[in-house]
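Structure data follow from work-v4.cif (mmCIF, C-alpha atoms):
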data_entry
loop_
_atom_site.label_atom_id
_atom_site.label_comp_id
_atom_site.auth_asym_id
_atom_site.auth_seq_id
_atom_site.Cartn_x
_atom_site.Cartn_y
_atom_site.Cartn_z
CA MET T 231 11.30 -1.36 30.63
CA GLU T 232 13.95 1.33 30.82
CA TRP T 233 14.36 3.87 28.09
CA ASP T 234 18.10 4.34 27.68
CA TRP T 235 18.93 7.86 26.47
CA ALA T 236 22.67 7.20 26.39
CA PHE T 237 22.02 4.35 23.96
CA VAL T 238 19.86 6.66 21.86
CA TRP T 239 22.67 9.21 21.48
CA GLN T 240 25.14 6.43 20.78
CA ILE T 241 23.14 4.96 17.87
CA LEU T 242 21.95 8.24 16.31
CA PRO T 243 24.95 8.70 13.96
CA GLN T 244 24.58 5.21 12.55
CA LEU T 245 20.83 5.67 12.11
CA GLY T 246 21.63 8.95 10.36
CA GLN T 247 23.65 7.05 7.77
CA GLY T 248 20.62 4.84 7.29
CA VAL T 249 18.41 7.90 6.75
CA ILE T 250 20.66 9.02 3.90
CA ILE T 251 20.27 5.65 2.16
CA THR T 252 16.50 5.74 2.76
CA ILE T 253 16.29 9.13 1.08
CA GLU T 254 18.54 8.04 -1.79
CA ALA T 255 16.37 4.96 -2.38
CA THR T 256 13.17 7.03 -2.31
CA VAL T 257 14.48 9.68 -4.72
CA MET T 258 15.91 7.16 -7.19
CA GLY T 259 12.85 4.94 -6.93
CA THR T 260 10.65 7.97 -7.64
CA ILE T 261 12.61 8.81 -10.78
CA VAL T 262 12.37 5.22 -12.06
CA ALA T 263 8.65 5.08 -11.28
CA MET T 264 7.93 8.39 -13.02
CA VAL T 265 9.77 7.51 -16.23
CA LEU T 266 8.86 3.83 -16.43
CA GLY T 267 5.25 4.60 -15.50
CA LEU T 268 4.99 6.86 -18.54
CA VAL T 269 6.38 4.11 -20.76
CA LEU T 270 3.90 1.59 -19.34
CA ALA T 271 1.00 4.03 -19.74
CA ILE T 272 1.85 4.69 -23.39
CA ALA T 273 2.37 0.98 -24.08
CA ARG T 274 -0.96 0.10 -22.49
CA ARG T 275 -2.75 2.69 -24.61
CA SER T 276 -1.13 1.30 -27.73
CA SER T 277 -3.49 0.21 -30.48
CA ASN T 278 -1.21 -2.78 -31.08
CA LYS T 279 -2.78 -5.55 -28.97
CA ALA T 280 0.46 -7.57 -28.97
CA VAL T 281 1.98 -4.71 -26.96
CA ALA T 282 -1.00 -3.54 -24.90
CA ARG T 283 -2.12 -6.96 -23.61
CA PRO T 284 1.20 -8.25 -22.17
CA VAL T 285 1.93 -4.85 -20.65
CA GLY T 286 -1.52 -4.83 -19.05
CA PHE T 287 -1.02 -8.30 -17.64
CA PHE T 288 2.42 -7.42 -16.36
CA SER T 289 1.05 -4.35 -14.56
CA ASP T 290 -1.81 -6.27 -12.97
CA PHE T 291 0.56 -9.04 -11.92
CA VAL T 292 3.03 -6.66 -10.31
CA ARG T 293 0.23 -4.86 -8.48
CA GLY T 294 -1.27 -8.14 -7.28
CA THR T 295 1.90 -9.55 -5.72
CA PRO T 296 3.91 -8.31 -2.71
CA LEU T 297 6.79 -5.89 -3.18
CA LEU T 298 8.88 -7.93 -0.73
CA VAL T 299 8.59 -11.03 -2.92
CA GLN T 300 9.49 -9.00 -6.00
CA LEU T 301 12.55 -7.64 -4.21
CA TYR T 302 13.70 -11.15 -3.27
CA PHE T 303 13.09 -12.26 -6.82
CA LEU T 304 15.26 -9.49 -8.28
CA PHE T 305 17.90 -9.86 -5.62
CA TYR T 306 18.36 -13.62 -6.08
CA ILE T 307 17.53 -14.01 -9.76
CA LEU T 308 19.71 -11.30 -11.28
CA PRO T 309 23.01 -12.88 -10.12
CA ASP T 310 21.79 -16.23 -11.52
CA VAL T 311 21.58 -14.71 -14.97
CA GLY T 312 24.96 -13.04 -14.57
CA ILE T 313 23.90 -9.52 -13.55
CA LEU T 314 25.66 -8.44 -10.38
CA LEU T 315 24.04 -5.37 -8.90
CA PRO T 316 24.59 -3.76 -5.51
CA PRO T 317 21.60 -4.47 -3.24
CA LEU T 318 20.58 -0.80 -3.27
CA VAL T 319 20.32 -0.79 -7.07
CA ALA T 320 18.26 -3.99 -7.07
CA GLY T 321 16.05 -2.38 -4.41
CA VAL T 322 15.58 0.80 -6.41
CA ILE T 323 14.62 -1.22 -9.48
CA GLY T 324 12.12 -3.19 -7.40
CA LEU T 325 10.56 -0.08 -5.87
CA GLY T 326 10.59 1.75 -9.18
CA VAL T 327 8.95 -1.03 -11.18
CA HIS T 328 6.33 -1.71 -8.50
CA TYR T 329 5.28 1.92 -8.27
CA ALA T 330 5.56 2.46 -12.02
CA THR T 331 2.53 0.21 -12.40
CA TYR T 332 0.66 2.61 -10.11
CA THR T 333 1.90 5.84 -11.70
CA ALA T 334 1.02 4.40 -15.11
CA GLU T 335 -2.63 4.35 -14.03
CA VAL T 336 -2.37 7.96 -12.89
CA TYR T 337 -0.95 9.01 -16.25
CA ARG T 338 -3.57 7.00 -18.08
CA THR T 339 -6.56 8.49 -16.28
CA GLY T 340 -4.97 11.94 -16.46
CA ILE T 341 -4.74 11.71 -20.24
CA ASP T 342 -8.13 10.01 -20.65
CA ASN T 343 -9.78 12.80 -18.67
CA ILE T 344 -8.86 15.43 -21.25
CA ALA T 345 -12.10 16.24 -23.04
CA ARG T 346 -12.23 15.08 -26.65
CA GLY T 347 -13.08 18.61 -27.72
CA GLN T 348 -9.54 19.64 -26.83
CA TRP T 349 -8.09 17.17 -29.34
CA GLU T 350 -10.59 18.29 -31.95
CA ALA T 351 -9.91 21.95 -31.30
CA ALA T 352 -6.18 21.32 -31.66
CA LYS T 353 -6.83 19.67 -34.99
CA ALA T 354 -9.13 22.50 -36.04
CA VAL T 355 -6.45 25.14 -35.47
CA ASN T 356 -4.04 22.95 -37.42
CA LEU T 357 -1.61 21.96 -34.65
CA ASP T 358 0.59 18.96 -35.39
CA THR T 359 0.88 15.98 -32.99
CA ARG T 360 3.85 17.39 -31.10
CA GLN T 361 2.25 20.80 -30.66
CA THR T 362 -1.02 19.20 -29.55
CA TRP T 363 0.75 17.25 -26.83
CA VAL T 364 3.13 19.99 -25.72
CA HIS T 365 0.77 22.97 -25.79
CA ILE T 366 -2.68 21.48 -25.26
CA ILE T 367 -2.76 18.04 -23.67
CA ILE T 368 0.19 17.91 -21.27
CA PRO T 369 -0.37 21.31 -19.65
CA GLN T 370 -3.93 20.29 -18.81
CA ALA T 371 -3.20 16.67 -17.92
CA ILE T 372 -0.34 17.27 -15.48
CA PRO T 373 -1.87 19.41 -12.68
CA PRO T 374 -4.64 16.93 -11.70
CA MET T 375 -2.02 14.15 -11.65
CA ILE T 376 0.26 15.87 -9.16
CA PRO T 377 -1.58 14.98 -5.92
CA ALA T 378 -2.07 11.35 -6.97
CA LEU T 379 1.59 10.98 -7.96
CA ALA T 380 2.78 12.63 -4.74
CA ASN T 381 0.58 10.24 -2.79
CA TYR T 382 2.33 7.24 -4.33
CA PHE T 383 5.76 8.67 -3.68
CA VAL T 384 4.94 9.09 0.00
CA ALA T 385 3.70 5.49 -0.03
CA MET T 386 6.96 4.39 -1.63
CA PHE T 387 8.96 6.21 1.01
CA LYS T 388 7.07 4.26 3.65
CA GLU T 389 7.89 0.98 1.92
CA THR T 390 11.66 1.55 1.74
CA PRO T 391 12.17 -0.37 5.03
CA LEU T 392 11.49 -3.51 2.99
CA LEU T 393 14.89 -3.00 1.37
CA ALA T 394 16.43 -4.09 4.69
CA ALA T 395 15.31 -7.62 3.80
CA ILE T 396 17.69 -7.63 0.84
CA THR T 397 20.59 -6.36 2.97
CA VAL T 398 20.37 -2.66 2.07
CA MET T 399 21.55 -0.75 5.13
CA GLU T 400 18.87 1.90 5.04
CA LEU T 401 17.31 3.16 8.25
CA MET T 402 15.47 -0.05 9.10
CA GLY T 403 18.50 -2.18 8.22
CA GLN T 404 20.70 -0.10 10.52
CA ALA T 405 18.11 -0.22 13.29
CA ARG T 406 17.74 -3.98 13.02
CA SER T 407 21.47 -4.58 13.09
CA LEU T 408 21.91 -2.22 16.07
CA ALA T 409 19.03 -3.91 17.88
CA ASN T 410 20.35 -7.40 17.27
CA TYR T 411 23.92 -6.44 18.16
CA ASN T 412 23.04 -4.74 21.44
CA TYR T 413 19.98 -6.87 22.10
CA LYS T 414 17.99 -3.69 22.68
CA TYR T 415 14.95 -3.33 20.47
CA ALA T 416 12.86 -0.56 21.99
CA GLU T 417 15.12 2.41 21.23
CA PRO T 418 16.13 1.70 17.60
CA MET T 419 12.65 0.54 16.53
CA THR T 420 10.95 3.49 18.21
CA LEU T 421 13.39 5.96 16.66
CA VAL T 422 12.65 4.53 13.22
CA GLY T 423 8.93 4.98 13.89
CA VAL T 424 9.49 8.55 15.06
CA PHE T 425 11.52 9.34 11.95
CA PHE T 426 8.79 8.05 9.65
CA LEU T 427 6.15 10.01 11.53
CA ALA T 428 8.31 13.12 11.45
CA VAL T 429 8.50 12.90 7.67
CA SER T 430 5.01 11.71 6.87
CA ILE T 431 2.98 14.11 9.00
CA PRO T 432 4.35 17.15 7.14
CA SER T 433 3.96 15.27 3.88
CA VAL T 434 0.27 14.62 4.64
CA ILE T 435 -0.16 18.35 5.16
CA GLY T 436 1.73 18.94 1.92
CA LEU T 437 -0.48 16.45 0.09
CA ARG T 438 -3.62 18.20 1.30
CA TYR T 439 -2.24 21.47 0.03
CA LEU T 440 -1.45 19.91 -3.37
CA GLU T 441 -4.95 18.48 -3.53
CA ARG T 442 -6.54 21.84 -2.82
CA ARG T 443 -4.32 23.55 -5.32
CA TYR T 444 -4.43 21.12 -8.23
CA SER T 445 -7.45 18.87 -8.02
CA ARG T 446 -10.32 19.72 -10.22
CA ARG T 447 -13.34 19.95 -8.01
CA GLU T 448 -16.06 17.87 -9.48
CA ARG T 449 -18.53 17.64 -6.64
CA MET G 18 10.28 -35.81 -8.63
CA GLU G 19 9.21 -37.01 -5.17
CA GLN G 20 11.14 -34.11 -3.72
CA TRP G 21 9.10 -31.64 -5.71
CA TRP G 22 5.93 -32.95 -4.11
CA GLY G 23 7.44 -32.29 -0.70
CA TYR G 24 8.33 -28.75 -1.68
CA LEU G 25 4.92 -28.20 -3.15
CA GLY G 26 3.50 -29.32 0.20
CA LEU G 27 5.54 -26.61 1.95
CA ILE G 28 4.23 -23.97 -0.42
CA ALA G 29 0.67 -25.23 0.14
CA GLN G 30 1.13 -24.91 3.91
CA GLY G 31 2.39 -21.38 3.34
CA ALA G 32 -0.64 -20.63 1.20
CA VAL G 33 -2.91 -21.66 4.08
CA VAL G 34 -1.01 -19.47 6.56
CA THR G 35 -1.11 -16.48 4.20
CA ALA G 36 -4.87 -16.96 3.72
CA GLN G 37 -5.36 -17.12 7.48
CA ILE G 38 -3.41 -13.95 8.18
CA THR G 39 -5.20 -12.17 5.36
CA LEU G 40 -8.66 -13.14 6.63
CA LEU G 41 -7.93 -12.38 10.29
CA GLY G 42 -6.20 -9.14 9.33
CA CYS G 43 -9.15 -8.09 7.14
CA ALA G 44 -11.58 -8.80 9.98
CA LEU G 45 -9.58 -6.65 12.39
CA ALA G 46 -9.10 -3.96 9.74
CA LEU G 47 -12.82 -3.81 9.02
CA ALA G 48 -13.67 -3.44 12.71
CA ALA G 49 -10.96 -0.81 13.23
CA ALA G 50 -12.05 1.06 10.11
CA PHE G 51 -15.64 1.39 11.31
CA VAL G 52 -14.75 2.29 14.88
CA ALA G 53 -12.19 4.91 13.85
CA GLY G 54 -14.18 6.14 10.84
CA LEU G 55 -17.28 6.74 12.96
CA GLY G 56 -15.06 8.19 15.69
CA ARG G 57 -13.71 10.74 13.22
CA ILE G 58 -17.19 12.18 12.67
CA SER G 59 -18.40 11.83 16.25
CA LYS G 60 -20.02 14.74 18.10
CA TYR G 61 -17.57 14.32 20.97
CA TRP G 62 -14.16 15.88 20.49
CA PRO G 63 -12.17 13.32 22.55
CA LEU G 64 -13.42 10.56 20.26
CA ARG G 65 -12.59 12.60 17.17
CA TRP G 66 -9.16 13.34 18.55
CA LEU G 67 -8.43 9.71 19.44
CA ALA G 68 -9.57 8.45 16.05
CA THR G 69 -7.47 11.07 14.25
CA ALA G 70 -4.41 10.18 16.31
CA TYR G 71 -4.85 6.49 15.52
CA ILE G 72 -5.33 7.12 11.80
CA GLU G 73 -2.40 9.51 11.41
CA PHE G 74 -0.09 7.31 13.48
CA PHE G 75 -0.76 4.13 11.54
CA ARG G 76 -0.81 5.80 8.16
CA GLY G 77 2.31 7.75 8.96
CA THR G 78 4.64 4.91 9.89
CA SER G 79 5.27 1.99 7.63
CA ILE G 80 3.76 -1.46 8.13
CA PHE G 81 7.23 -2.94 8.43
CA VAL G 82 8.10 -0.62 11.32
CA GLN G 83 4.78 -1.32 13.05
CA LEU G 84 5.25 -5.07 12.73
CA PHE G 85 8.73 -4.99 14.21
CA TRP G 86 7.57 -2.69 16.95
CA ALA G 87 4.68 -5.01 17.80
CA TYR G 88 6.90 -8.06 17.77
CA PHE G 89 10.02 -6.77 19.52
CA VAL G 90 8.96 -3.79 21.65
CA LEU G 91 5.48 -4.72 22.93
CA PRO G 92 6.88 -7.75 24.82
CA LEU G 93 9.20 -5.35 26.65
CA LEU G 94 6.12 -3.38 27.69
CA GLY G 95 4.62 -6.57 29.07
CA VAL G 96 2.53 -7.61 26.06
CA PRO G 97 4.11 -10.75 24.66
CA LEU G 98 2.67 -11.63 21.25
CA THR G 99 3.07 -14.70 19.09
CA PRO G 100 4.26 -13.96 15.55
CA LEU G 101 0.73 -14.61 14.28
CA GLN G 102 -0.82 -12.20 16.79
CA ALA G 103 1.78 -9.53 16.06
CA GLY G 104 1.26 -9.96 12.32
CA VAL G 105 -2.53 -9.78 12.46
CA LEU G 106 -2.44 -6.87 14.90
CA ALA G 107 -0.01 -4.77 12.87
CA LEU G 108 -1.62 -5.51 9.50
CA GLY G 109 -5.17 -5.11 10.78
CA LEU G 110 -4.53 -1.81 12.53
CA ASN G 111 -2.46 -0.48 9.63
CA VAL G 112 -5.01 -1.22 6.93
CA GLY G 113 -7.83 -0.27 9.32
CA ALA G 114 -6.41 3.25 9.47
CA TYR G 115 -6.67 3.56 5.68
CA GLY G 116 -10.14 2.01 5.82
CA ALA G 117 -11.28 4.52 8.44
CA GLU G 118 -10.83 7.38 5.99
CA VAL G 119 -12.87 5.41 3.45
CA VAL G 120 -15.69 4.93 5.98
CA ARG G 121 -15.66 8.62 6.85
CA GLY G 122 -15.61 9.72 3.22
CA ALA G 123 -18.44 7.38 2.24
CA ILE G 124 -20.68 8.42 5.13
CA GLN G 125 -20.08 12.09 4.43
CA SER G 126 -20.83 11.65 0.77
CA VAL G 127 -24.40 10.51 1.45
CA PRO G 128 -26.46 13.51 0.36
CA ARG G 129 -27.70 15.87 3.06
CA GLU G 130 -31.35 15.42 2.17
CA GLN G 131 -31.10 11.85 3.46
CA TYR G 132 -30.14 13.13 6.89
CA GLU G 133 -32.87 15.75 6.78
CA ALA G 134 -35.43 13.10 5.84
CA CYS G 135 -34.32 11.00 8.83
CA LYS G 136 -34.82 13.97 11.09
CA ALA G 137 -38.23 14.64 9.55
CA LEU G 138 -39.23 11.02 10.25
CA ASN G 139 -37.99 11.36 13.83
CA LEU G 140 -35.46 8.52 13.59
CA THR G 141 -32.89 8.23 16.35
CA ARG G 142 -29.24 8.70 15.40
CA LEU G 143 -28.70 4.93 15.61
CA GLN G 144 -31.71 4.14 13.41
CA GLU G 145 -30.59 6.75 10.94
CA LEU G 146 -27.14 5.18 10.68
CA ARG G 147 -28.36 1.58 10.63
CA TYR G 148 -31.26 1.80 8.19
CA ILE G 149 -30.65 4.84 6.03
CA ILE G 150 -27.04 5.96 5.88
CA MET G 151 -25.05 2.71 6.13
CA PRO G 152 -26.82 0.75 3.38
CA GLN G 153 -26.04 3.59 1.00
CA ALA G 154 -22.55 4.37 2.28
CA PHE G 155 -21.37 0.76 2.46
CA VAL G 156 -21.73 0.24 -1.28
CA LEU G 157 -19.57 3.30 -1.84
CA MET G 158 -16.90 1.89 0.48
CA LEU G 159 -16.66 -1.49 -1.22
CA PRO G 160 -14.35 -0.78 -4.17
CA THR G 161 -11.75 0.92 -1.97
CA PHE G 162 -12.13 -1.78 0.68
CA GLY G 163 -11.29 -4.28 -2.05
CA ASN G 164 -8.08 -2.40 -2.85
CA ASN G 165 -7.28 -2.20 0.84
CA ALA G 166 -7.77 -5.94 1.24
CA ILE G 167 -5.34 -6.54 -1.62
CA GLU G 168 -2.84 -4.18 0.04
CA LEU G 169 -3.26 -6.22 3.22
CA LEU G 170 -2.69 -9.45 1.33
CA LYS G 171 0.51 -8.00 -0.12
CA GLY G 172 1.51 -6.75 3.31
CA THR G 173 1.33 -10.26 4.74
CA ALA G 174 4.64 -11.06 3.04
CA VAL G 175 6.49 -9.06 5.69
CA VAL G 176 5.39 -11.45 8.45
CA SER G 177 7.90 -13.91 7.00
CA LEU G 178 10.53 -11.64 8.58
CA ILE G 179 9.23 -12.37 12.07
CA SER G 180 9.53 -16.11 11.41
CA LEU G 181 5.90 -16.82 10.52
CA SER G 182 5.84 -19.58 7.91
CA ASP G 183 3.71 -17.92 5.24
CA LEU G 184 4.15 -18.24 1.47
CA THR G 185 7.20 -15.99 1.34
CA PHE G 186 8.86 -17.82 4.21
CA GLN G 187 8.27 -21.20 2.60
CA ALA G 188 9.64 -19.96 -0.72
CA GLN G 189 12.82 -18.98 1.12
CA VAL G 190 13.00 -22.45 2.67
CA VAL G 191 12.62 -24.10 -0.73
CA ARG G 192 15.23 -21.75 -2.18
CA ALA G 193 17.68 -22.59 0.61
CA GLN G 194 17.18 -26.32 0.12
CA THR G 195 17.16 -26.53 -3.67
CA GLY G 196 19.19 -23.52 -4.74
CA SER G 197 16.48 -22.68 -7.22
CA THR G 198 14.99 -19.21 -6.99
CA ALA G 199 12.83 -18.86 -10.04
CA VAL G 200 10.57 -21.87 -9.46
CA PRO G 201 9.52 -21.27 -5.84
CA PHE G 202 9.22 -17.50 -6.22
CA LEU G 203 7.26 -17.61 -9.46
CA THR G 204 4.99 -20.20 -7.84
CA ILE G 205 4.20 -18.07 -4.80
CA MET G 206 3.74 -14.97 -6.96
CA ALA G 207 1.14 -16.92 -8.92
CA VAL G 208 -0.59 -17.84 -5.65
CA TYR G 209 -0.57 -14.22 -4.44
CA PHE G 210 -1.91 -13.09 -7.80
CA PHE G 211 -4.64 -15.73 -7.62
CA TYR G 212 -5.61 -14.52 -4.14
CA SER G 213 -5.81 -10.90 -5.21
CA THR G 214 -7.92 -11.86 -8.22
CA VAL G 215 -10.28 -13.75 -5.89
CA ILE G 216 -10.54 -10.71 -3.60
CA SER G 217 -11.30 -8.28 -6.38
CA SER G 218 -13.91 -10.49 -8.03
CA ALA G 219 -15.55 -11.23 -4.65
CA ILE G 220 -15.80 -7.50 -3.99
CA ARG G 221 -17.26 -6.86 -7.43
CA GLY G 222 -19.88 -9.55 -6.82
CA LEU G 223 -20.76 -8.12 -3.42
CA GLU G 224 -21.03 -4.66 -4.89
CA ARG G 225 -23.51 -5.85 -7.51
CA ARG G 226 -25.60 -7.61 -4.87
CA LEU G 227 -25.70 -4.76 -2.39
CA SER G 228 -26.33 -2.00 -4.89
CA ARG G 229 -29.49 -3.70 -6.11
CA GLY G 230 -32.42 -1.42 -5.45
CA LEU G 231 -30.22 1.50 -4.48
CA ASP G 232 -29.99 4.69 -6.43
CA VAL G 233 -26.21 4.67 -6.62
CA THR G 234 -24.41 6.89 -9.05
CA LYS G 235 -21.42 4.96 -10.31
CA ALA G 236 -18.22 6.91 -10.61
#
Encoded form using structure tokens:
Amino acid sequence: MEWDWAFVWQILPQLGQGVIITIEATVMGTIVAMVLGLVLAIARRSSNKAVARPVGFFSDFVRGTPLLVQLYFLFYILPDVGILLPPLVAGVIGLGVHYATYTAEVYRTGIDNIARGQWEAAKAVNLDTRQTWVHIIIPQAIPPMIPALANYFVAMFKETPLLAAITVMELMGQARSLANYNYKYAEPMTLVGVFFLAVSIPSVIGLRYLERRYSRRER
Amino acid sequence: MEQWWGYLGLIAQGAVVTAQITLLGCALALAAAFVAGLGRISKYWPLRWLATAYIEFFRGTSIFVQLFWAYFVLPLLGVPLTPLQAGVLALGLNVGAYGAEVVRGAIQSVPREQYEACKALNLTRLQELRYIIMPQAFVLMLPTFGNNAIELLKGTAVVSLISLSDLTFQAQVVRAQTGSTAVPFLTIMAVYFFYSTVISSAIRGLERRLSRGLDVTKA
């Protein structure tokens, strides 16, 4: 096999466009997952069983089925019910909802891990509900959540190539189309791999730093 | 009505293929996890280095990229693979890399006194691992292994993109022939969900069995 450098230089600009879409999808998916995850976490903690049960089942179902199938489902079903979305938006919704079920668990354990004494102390010094959350619970709950959340966002980034299957021209989509068009697979596929490594190795180092900084050491 | 039976047959065939890939992939992942996990804590630096390279490489690039690389680029390097081989190889090695960190973590979390006791009893390193450390560490690995197996199951959906006729592939076939999206996709999601429920309850059962007689502190 010959490694063709000229071909590499020729396809780089187009792959670069794909990288931009990949980053857009990751950032938007992260925002959806962070916000929706909080909603799911609160709904699952609800004392109303008619809310908590279906939300719990929905989360387990989403986590037990493949993201790719969920993406297809969104991509094909939404037009059937009259909602026309660009593929990227459908992809972001898919990524966001899938990872929201994971972030919801992070939020839930983060909040459950606050010692009961903190709630009681807040009540004892006569703080109202808002003050308790804003000044007591959230400031303590957030730091231990940060490494776990970051971990899922790196995982999401690594799953964005799935969006190529629903015609989003992110990095993998561009690489596949270049490979099929030129009938040369080695260079585009390898470059995609190199790009993912180039992003995820620093992010692993970053994650370790976050863990050292924010995790409560229990052992 | 007769037609529906035919389509259901397709889905059933897909369910068998998905189960096959999952089982083969899990077997490879388990082997890779132990080899690389033990390699990570070996006395010999080349082994440590190799295991670390394997783990970081496979965790750093996405499963989708690895699958395409295995299917399209390895043949160019003189390793032609069938779709099934490429799928099992990519999934097994990918999930094995995550499993390796679980193996390492579990072995290292066995208390130091256990190692000291082995030394006091003059056990060889192999005896120590086989009779003392592993039985304790393996129980600790199980819950995360269960999650990894479910991730692998979900990962199998991507093999449909290299023309392997798994559940996702068959759902696409049914969709193309009937024009209906909701029915085939909801059906296969139910099958995936059933599989992941089976995996998690099997792991829970195994955990109960193996932790009998052990002094395991449950997290």
**Item:** Selection result of the PyMOL selection byres ((chain G) within 8 of (chain T)) on this file, as a VMD selection string
**Value:** chain G and resid 73 to 74 77 to 83 85 to 86 89 to 90 93 to 94 167 170 to 172 174 to 175 178 185 198 to 199 202 206 209 to 210 213 to 214
**Request:** Enumerate, as a ChimeraX atom specification, the residues matched when the PyMOL selection byres ((chain G and resi 187) around 10) is run on the file above.
**Result:** /G:24-32,177,181-186,188-193,201-202,205
Those selected residues, please, written with C-alpha atoms and delivered as a short mmCIF file (atom, residue, chain, number, x, y, z; two decimals), in the frame of the given file.
data_model
loop_
_atom_site.label_atom_id
_atom_site.label_comp_id
_atom_site.auth_asym_id
_atom_site.auth_seq_id
_atom_site.Cartn_x
_atom_site.Cartn_y
_atom_site.Cartn_z
CA TYR G 24 8.33 -28.75 -1.68
CA LEU G 25 4.92 -28.20 -3.15
CA GLY G 26 3.50 -29.32 0.20
CA LEU G 27 5.54 -26.61 1.95
CA ILE G 28 4.23 -23.97 -0.42
CA ALA G 29 0.67 -25.23 0.14
CA GLN G 30 1.13 -24.91 3.91
CA GLY G 31 2.39 -21.38 3.34
CA ALA G 32 -0.64 -20.63 1.20
CA SER G 177 7.90 -13.91 7.00
CA LEU G 181 5.90 -16.82 10.52
CA SER G 182 5.84 -19.58 7.91
CA ASP G 183 3.71 -17.92 5.24
CA LEU G 184 4.15 -18.24 1.47
CA THR G 185 7.20 -15.99 1.34
CA PHE G 186 8.86 -17.82 4.21
CA ALA G 188 9.64 -19.96 -0.72
CA GLN G 189 12.82 -18.98 1.12
CA VAL G 190 13.00 -22.45 2.67
CA VAL G 191 12.62 -24.10 -0.73
CA ARG G 192 15.23 -21.75 -2.18
CA ALA G 193 17.68 -22.59 0.61
CA PRO G 201 9.52 -21.27 -5.84
CA PHE G 202 9.22 -17.50 -6.22
CA ILE G 205 4.20 -18.07 -4.80
#
**Request:** Using the chain letters and residue numbers of this document, give as an MDAnalysis selection string the residues selected by the PyMOL selection byres ((chain G and resi 151) around 12).
**Result:** chainID G and resid 51 55 120:121 123:127 131:132 142:150 152:159 227 231
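The space separating atom CA of Leu266 of chain T from atom CA of Ile323 of chain T comes to 10.3 Å.
Nearest residue to Arg275 of chain T, choosing from T:His365, T:Arg443, T:Arg360, T:Arg338 and counting all atoms listed in the file: T:Arg338.
Counting all atoms listed in the file and comparing G:Ala68, G:Ala137, G:Leu98, G:Leu47, the residue that lies closest to Gly116 of chain G is G:Leu47.
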**Request:** Would you be able to write out as a PyMOL selection string which residues have an atom within 10 Å of (-6.4, 8.1, -7.6) in the file's coordinates, counting all atoms listed in the file?
**Result:** chain T and resi 332-333+335-336+339-340+374-375+377-379+381-382
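Atom CA of Ile179 of chain G sits 6.3 Å away from atom CA of Pro100 of chain G.
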As a PDB file with C-alpha atoms, keeping the file's coordinate frame, please: the residues near Leu401 of chain T (cut-off 9 Å, all atoms listed in the file, same-chain neighbours under 2 positions excluded).
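Okay, part17.pdb is ready:
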ATOM      1  CA  GLN T 244      24.580   5.210  12.550  1.00  0.00           C
ATOM      2  CA  LEU T 245      20.830   5.670  12.110  1.00  0.00           C
ATOM      3  CA  GLY T 246      21.630   8.950  10.360  1.00  0.00           C
ATOM      4  CA  GLN T 247      23.650   7.050   7.770  1.00  0.00           C
ATOM      5  CA  GLY T 248      20.620   4.840   7.290  1.00  0.00           C
ATOM      6  CA  VAL T 249      18.410   7.900   6.750  1.00  0.00           C
ATOM      7  CA  ILE T 250      20.660   9.020   3.900  1.00  0.00           C
ATOM      8  CA  ILE T 251      20.270   5.650   2.160  1.00  0.00           C
ATOM      9  CA  THR T 252      16.500   5.740   2.760  1.00  0.00           C
ATOM     10  CA  THR T 390      11.660   1.550   1.740  1.00  0.00           C
ATOM     11  CA  PRO T 391      12.170  -0.370   5.030  1.00  0.00           C
ATOM     12  CA  ALA T 394      16.430  -4.090   4.690  1.00  0.00           C
ATOM     13  CA  MET T 399      21.550  -0.750   5.130  1.00  0.00           C
ATOM     14  CA  GLY T 403      18.500  -2.180   8.220  1.00  0.00           C
ATOM     15  CA  GLN T 404      20.700  -0.100  10.520  1.00  0.00           C
ATOM     16  CA  ALA T 405      18.110  -0.220  13.290  1.00  0.00           C
ATOM     17  CA  ARG T 406      17.740  -3.980  13.020  1.00  0.00           C
ATOM     18  CA  VAL T 422      12.650   4.530  13.220  1.00  0.00           C
TER      19      VAL T 422
END
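Protein and nucleic acid residues near (-7.2, -2.1, 4.6) are Ala46, Val112, Gly113, Tyr115, Gly116, Asn165, Ala166 and Leu169 of chain G, the criterion being any atom at most 6 Å away using all atoms listed in the file.
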Could you give me the axis-aligned bounding box of segment 174-185 of chain G, with 3 Å of padding per side, as centre plus edge lengths in Å to one decimal, as lines of an AutoDock Vina configuration file?
center_x = 7.1
center_y = -14.3
center_z = 6.7
size_x = 12.8
size_y = 16.5
size_z = 16.7
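The gap separating atom CA of Val265 of chain T from atom CA of Val285 of chain T is 15.3 Å, in Å to one decimal.
Nearest to Glu441 of chain T of all the residues T:Leu242, T:Ile376, T:Leu393, T:Leu314 is T:Ile376, counting all atoms listed in the file.
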Taking 3 positions as the minimum chain separation for residues in the same chain, which residues sit within 10 Å of Ala352 of chain T when counting all atoms listed in the file? Answer as a CSV table (one decimal) with C-alpha atoms, keeping the file's coordinate frame.
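Done, and the output landed in selection-v9.csv:
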chain,number,residue,atom,x,y,z
T,347,GLY,CA,-13.1,18.6,-27.7
T,348,GLN,CA,-9.5,19.6,-26.8
T,349,TRP,CA,-8.1,17.2,-29.3
T,355,VAL,CA,-6.4,25.1,-35.5
T,356,ASN,CA,-4.0,23.0,-37.4
T,357,LEU,CA,-1.6,22.0,-34.6
T,358,ASP,CA,0.6,19.0,-35.4
T,359,THR,CA,0.9,16.0,-33.0
T,361,GLN,CA,2.2,20.8,-30.7
T,362,THR,CA,-1.0,19.2,-29.6
T,363,TRP,CA,0.8,17.2,-26.8
T,365,HIS,CA,0.8,23.0,-25.8
T,366,ILE,CA,-2.7,21.5,-25.3
T,367,ILE,CA,-2.8,18.0,-23.7
